[in-house]
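A quick write-up on the structure given underneath.
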Amino acid sequence: MSKFKYLKISNYKKIRYISNDFKDNLYIVFLHGFMSDIKGEKPTAIFKYAKKNKLGFLALEYSGHGKSSGKFTKGNITKWSKEVEIVIKKIVKKNNFILVGSSMGAWLSLNQFKYFKDQIKGFLGIGSAPEFLQNLMWKKFTKKMKNETIKKGIYNLKHGNYEYPITYQLIKDGRKNKILNKKIKSNIDVTMIHGGKDEVVPTSYSRKVLKLFTKANKKLVIIKNGDHSLSSKQGLKRILLELDKIISNMV
C-alpha cells in the first residue's frame, strides 16, 4: 500500500488516511469497523482495485483507531461520523463517491447520507452493524456488567482474543445515532454482503439496512461460509465483484 498521510482536523486531532487521486473521477471511500484500522486485507484489496481502474480512493482511521490521534475511550459514533465527513470534504472534495462500510463503518456510512446526499452514488455494506452498541452489546450485558459500566464509566469487554473498552458515553451516544428508523431516498445501487457464519452481527442487520432505502436498487449477498470480516480470498473476491457491478451500473 502507498504511504499513509495525516490530516490535521483540529489543533489536537490528526487523522491518518490513505488516498489515491484521479482528477474528476469517482472515488471509493472505505470506512473500517470498530477498533479496526486501514492496514487490513479489505482496504488493501479495494485500494489496488481503485488504482487499477483509475478511480479515486480514500480510507481513514477515526480518532483513537490505528495511528490517528486521540483516545479510543473518548470517541463515539457522533465524533467518528463527523471526522469522516470532514476528511471526505477535504480529500474527495466535490467528486462523486461510493461508500464501502465494514461493520461499524456501515453505520458511519449511513450517517453520511445527511451530509452528502447527491455525491453518494452507491453503497456497499460488509457485515453491516448499525446500532450494534445498544442491540448487540448493551442488551446482552448482564445487570452486573451494566452497573459496572454506569458506575465506573467503562467496562472492558472480552471477546475472543480481544478486549474492548466500552464506555458508558459511547453507549449513550449510540442511542442518539439511531438510523434504523430513518428513510433514505437516494436512487442508487445498495448492496449488502454478509457472511452466513457471521457470529458477531446477524445477517438480519443487512436486511434492516436495505429497508431504509426506499428508491434504491437493492441487493443482499450472503456468503455461505463467510465470517464477520470476509477477509478471506473468497470474501475479498466477492466484495470486489459486487463493487465492480455498482460502478458498471453507473456508466
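Ligands are numbered from 1 in the order shown, residues from 1 within each chain, and chains are lettered A, B, ... in the order they appear in the C-alpha cells.
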Run DSSP on the backbone and grab whatever in stretch 8-112 of chain A lands in alpha helix (DSSP H); send it over as a PyMOL selection string. chain A and resi 41-52+77-91+104-112
Spatial neighbours of A:Ile239, max dist 9 Å, only C-alpha atoms, sep filter under 2 positions, as a ChimeraX atom specification: /A:42,46,124,126,193,230,234-237,241-244
I want to know what sits within 12 Å of stretch 158-166 of chain A, based on only C-alpha atoms, with residues of the same chain fewer than 3 positions away left out; could you give that as number ranges by chain? A: 34-36, 64, 71-76, 133-134, 137-138, 141, 145-146, 148-150, 152-155, 169-174, 199-200
Once you have the residues from the selection above, write them out as an mmCIF file, in the first residue's frame, restricted to N, CA and C atoms.
data_model
loop_
_atom_site.group_PDB
_atom_site.id
_atom_site.type_symbol
_atom_site.label_atom_id
_atom_site.label_comp_id
_atom_site.auth_asym_id
_atom_site.auth_seq_id
_atom_site.Cartn_x
_atom_site.Cartn_y
_atom_site.Cartn_z
ATOM 1 N N PHE A 34 -15.191 -1.264 14.063
ATOM 2 C CA PHE A 34 -14.935 -0.916 15.458
ATOM 3 C C PHE A 34 -13.561 -1.432 15.895
ATOM 4 N N MET A 35 -12.719 -0.534 16.387
ATOM 5 C CA MET A 35 -11.373 -0.861 16.857
ATOM 6 C C MET A 35 -10.507 -1.509 15.764
ATOM 7 N N SER A 36 -10.784 -1.164 14.528
ATOM 8 C CA SER A 36 -10.003 -1.682 13.407
ATOM 9 C C SER A 36 -9.095 -0.571 12.868
ATOM 10 N N GLY A 64 -8.573 7.661 17.816
ATOM 11 C CA GLY A 64 -8.472 6.534 18.743
ATOM 12 C C GLY A 64 -8.339 5.185 18.052
ATOM 13 N N LYS A 71 -7.781 9.299 22.124
ATOM 14 C CA LYS A 71 -8.014 8.059 22.872
ATOM 15 C C LYS A 71 -9.294 7.405 22.371
ATOM 16 N N PHE A 72 -9.223 6.093 22.224
ATOM 17 C CA PHE A 72 -10.403 5.349 21.779
ATOM 18 C C PHE A 72 -11.587 5.594 22.720
ATOM 19 N N THR A 73 -11.306 5.637 24.016
ATOM 20 C CA THR A 73 -12.375 5.781 25.017
ATOM 21 C C THR A 73 -13.065 7.148 24.978
ATOM 22 N N LYS A 74 -12.464 8.106 24.281
ATOM 23 C CA LYS A 74 -13.087 9.439 24.163
ATOM 24 C C LYS A 74 -13.964 9.528 22.908
ATOM 25 N N GLY A 75 -13.868 8.517 22.044
ATOM 26 C CA GLY A 75 -14.604 8.547 20.779
ATOM 27 C C GLY A 75 -16.014 8.011 20.886
ATOM 28 N N ASN A 76 -16.809 8.322 19.885
ATOM 29 C CA ASN A 76 -18.166 7.775 19.798
ATOM 30 C C ASN A 76 -18.672 7.924 18.356
ATOM 31 N N LEU A 133 -24.205 -1.033 19.210
ATOM 32 C CA LEU A 133 -23.840 -0.754 20.609
ATOM 33 C C LEU A 133 -24.988 -1.078 21.561
ATOM 34 N N GLN A 134 -26.187 -0.649 21.184
ATOM 35 C CA GLN A 134 -27.362 -0.902 22.019
ATOM 36 C C GLN A 134 -27.867 -2.335 21.852
ATOM 37 N N MET A 137 -24.614 -5.167 22.062
ATOM 38 C CA MET A 137 -23.753 -5.112 23.249
ATOM 39 C C MET A 137 -24.580 -4.889 24.509
ATOM 40 N N TRP A 138 -25.100 -3.669 24.634
ATOM 41 C CA TRP A 138 -25.764 -3.284 25.887
ATOM 42 C C TRP A 138 -26.887 -4.238 26.278
ATOM 43 N N PHE A 141 -25.542 -7.282 27.886
ATOM 44 C CA PHE A 141 -24.802 -7.131 29.143
ATOM 45 C C PHE A 141 -25.668 -7.649 30.292
ATOM 46 N N MET A 145 -22.722 -6.253 34.683
ATOM 47 C CA MET A 145 -21.909 -5.547 33.685
ATOM 48 C C MET A 145 -22.424 -4.125 33.455
ATOM 49 N N LYS A 146 -23.747 -4.009 33.393
ATOM 50 C CA LYS A 146 -24.357 -2.689 33.183
ATOM 51 C C LYS A 146 -24.043 -1.761 34.360
ATOM 52 N N GLU A 148 -21.555 -1.896 36.446
ATOM 53 C CA GLU A 148 -20.135 -1.514 36.441
ATOM 54 C C GLU A 148 -19.859 -0.422 35.400
ATOM 55 N N THR A 149 -20.485 -0.557 34.227
ATOM 56 C CA THR A 149 -20.302 0.436 33.154
ATOM 57 C C THR A 149 -20.810 1.800 33.591
ATOM 58 N N ILE A 150 -21.975 1.810 34.231
ATOM 59 C CA ILE A 150 -22.572 3.079 34.675
ATOM 60 C C ILE A 150 -21.743 3.685 35.816
ATOM 61 N N LYS A 152 -18.466 2.969 36.846
ATOM 62 C CA LYS A 152 -17.074 3.317 36.520
ATOM 63 C C LYS A 152 -16.939 4.097 35.218
ATOM 64 N N GLY A 153 -18.013 4.116 34.438
ATOM 65 C CA GLY A 153 -17.971 4.817 33.149
ATOM 66 C C GLY A 153 -17.369 3.974 32.037
ATOM 67 N N ILE A 154 -16.938 2.764 32.386
ATOM 68 C CA ILE A 154 -16.273 1.903 31.390
ATOM 69 C C ILE A 154 -16.377 0.431 31.793
ATOM 70 N N TYR A 155 -16.424 -0.419 30.779
ATOM 71 C CA TYR A 155 -16.382 -1.864 31.025
ATOM 72 C C TYR A 155 -15.468 -2.488 29.981
ATOM 73 N N GLN A 169 -20.390 6.546 27.897
ATOM 74 C CA GLN A 169 -20.693 7.661 26.989
ATOM 75 C C GLN A 169 -20.854 7.153 25.542
ATOM 76 N N LEU A 170 -20.100 6.095 25.189
ATOM 77 C CA LEU A 170 -20.197 5.505 23.846
ATOM 78 C C LEU A 170 -21.577 4.867 23.648
ATOM 79 N N ILE A 171 -22.024 4.142 24.670
ATOM 80 C CA ILE A 171 -23.346 3.501 24.616
ATOM 81 C C ILE A 171 -24.440 4.562 24.482
ATOM 82 N N LYS A 172 -24.347 5.592 25.325
ATOM 83 C CA LYS A 172 -25.375 6.650 25.309
ATOM 84 C C LYS A 172 -25.386 7.396 23.978
ATOM 85 N N ASP A 173 -24.189 7.648 23.439
ATOM 86 C CA ASP A 173 -24.103 8.350 22.161
ATOM 87 C C ASP A 173 -24.692 7.490 21.033
ATOM 88 N N GLY A 174 -24.487 6.169 21.133
ATOM 89 C CA GLY A 174 -25.063 5.264 20.132
ATOM 90 C C GLY A 174 -26.571 5.403 20.044
ATOM 91 N N GLU A 199 -20.638 -14.614 13.357
ATOM 92 C CA GLU A 199 -21.035 -14.827 14.756
ATOM 93 C C GLU A 199 -21.055 -13.527 15.558
ATOM 94 N N VAL A 200 -20.762 -12.432 14.881
ATOM 95 C CA VAL A 200 -20.713 -11.133 15.566
ATOM 96 C C VAL A 200 -21.987 -10.327 15.291
#
Record the distance separating atom CA of A:Asn187 and atom CA of A:Thr203, expressed in Å with one decimal. 23.5 Å
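With only C-alpha atoms as the basis for measurement, A:Val87 is the residue among A:Leu58, A:Val87, A:Ala45, A:Ile77 that approaches A:Ile9 most closely.
Checking A:Leu212, A:Ile120, A:Leu136, A:Met192 one by one against A:Gly101, counting only C-alpha atoms, you find the shortest gap at A:Met192.
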Counting only C-alpha atoms, the option among A:Ser19, A:Lys224, A:Leu7, A:Leu99 closest to A:Gln119: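 Looking at the shortest contact to A:Gln119, the residue is A:Leu99.
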Report as an MDAnalysis selection string: the residues of stretch 14-189 of chain A with a DSSP assignment of strand (DSSP E), based on the backbone of this structure. chainID A and resid 14:20 27:31 56:60 97:102 120:126 154:159 162:167 189
Hey, can you spit out that residue selection with C-alpha atoms as a short mmCIF file (atom, residue, chain, number, x, y, z; two decimals), in the first residue's frame?
data_model
loop_
_atom_site.label_atom_id
_atom_site.label_comp_id
_atom_site.auth_asym_id
_atom_site.auth_seq_id
_atom_site.Cartn_x
_atom_site.Cartn_y
_atom_site.Cartn_z
CA LYS A 14 -4.69 14.24 13.40
CA ILE A 15 -6.38 11.61 11.26
CA ARG A 16 -4.34 9.01 9.40
CA TYR A 17 -5.58 8.22 5.92
CA ILE A 18 -4.56 6.79 2.57
CA SER A 19 -5.76 8.19 -0.72
CA ASN A 20 -5.39 7.92 -4.42
CA TYR A 27 -13.92 7.88 -5.54
CA ILE A 28 -14.32 4.79 -3.39
CA VAL A 29 -14.46 5.69 0.32
CA PHE A 30 -13.72 2.78 2.68
CA LEU A 31 -14.83 3.01 6.33
CA GLY A 56 -10.01 7.81 -6.55
CA PHE A 57 -9.75 6.11 -3.17
CA LEU A 58 -9.92 7.19 0.45
CA ALA A 59 -9.67 5.18 3.67
CA LEU A 60 -9.23 6.81 7.06
CA PHE A 97 -18.11 8.67 -4.42
CA ILE A 98 -19.22 5.19 -3.43
CA LEU A 99 -19.23 4.28 0.26
CA VAL A 100 -17.90 0.91 1.37
CA GLY A 101 -18.65 0.39 5.07
CA SER A 102 -17.40 -2.59 7.03
CA ILE A 120 -23.01 9.41 -2.90
CA LYS A 121 -23.50 7.22 -5.97
CA GLY A 122 -23.51 3.79 -4.36
CA PHE A 123 -23.22 1.98 -1.04
CA LEU A 124 -21.67 -1.40 -0.29
CA GLY A 125 -22.03 -2.76 3.24
CA ILE A 126 -19.88 -5.60 4.60
CA ILE A 154 -16.27 1.90 31.39
CA TYR A 155 -16.38 -1.86 31.03
CA ASN A 156 -13.58 -3.94 29.50
CA LEU A 157 -15.43 -6.43 27.36
CA LYS A 158 -13.53 -9.59 26.49
CA HIS A 159 -14.40 -11.11 23.14
CA TYR A 162 -9.61 -9.05 22.14
CA GLU A 163 -10.61 -6.70 24.91
CA TYR A 164 -12.88 -3.80 24.08
CA PRO A 165 -13.04 -0.82 26.47
CA ILE A 166 -16.74 0.03 26.27
CA THR A 167 -17.51 3.40 27.81
CA ASP A 189 -27.28 0.86 -6.03
#
Distance criterion (only C-alpha atoms): nearest to A:Phe113 out of A:Lys93, A:Lys185, A:Lys48, A:Lys176: A:Lys185
Which of these, A:Ser186, A:Ser81, A:Asn147, A:Asn181, has the shortest distance to A:Lys215 once you count only C-alpha atoms?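 Ranked by minimum distance to A:Lys215, first place goes to A:Ser186.
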Which residues are near A:Leu210? Cut-off 9 Å, only C-alpha atoms, ignore same chain within fewer than 5 positions. Put them as a PyMOL selection string. chain A and resi 190-192+205+216+218-220
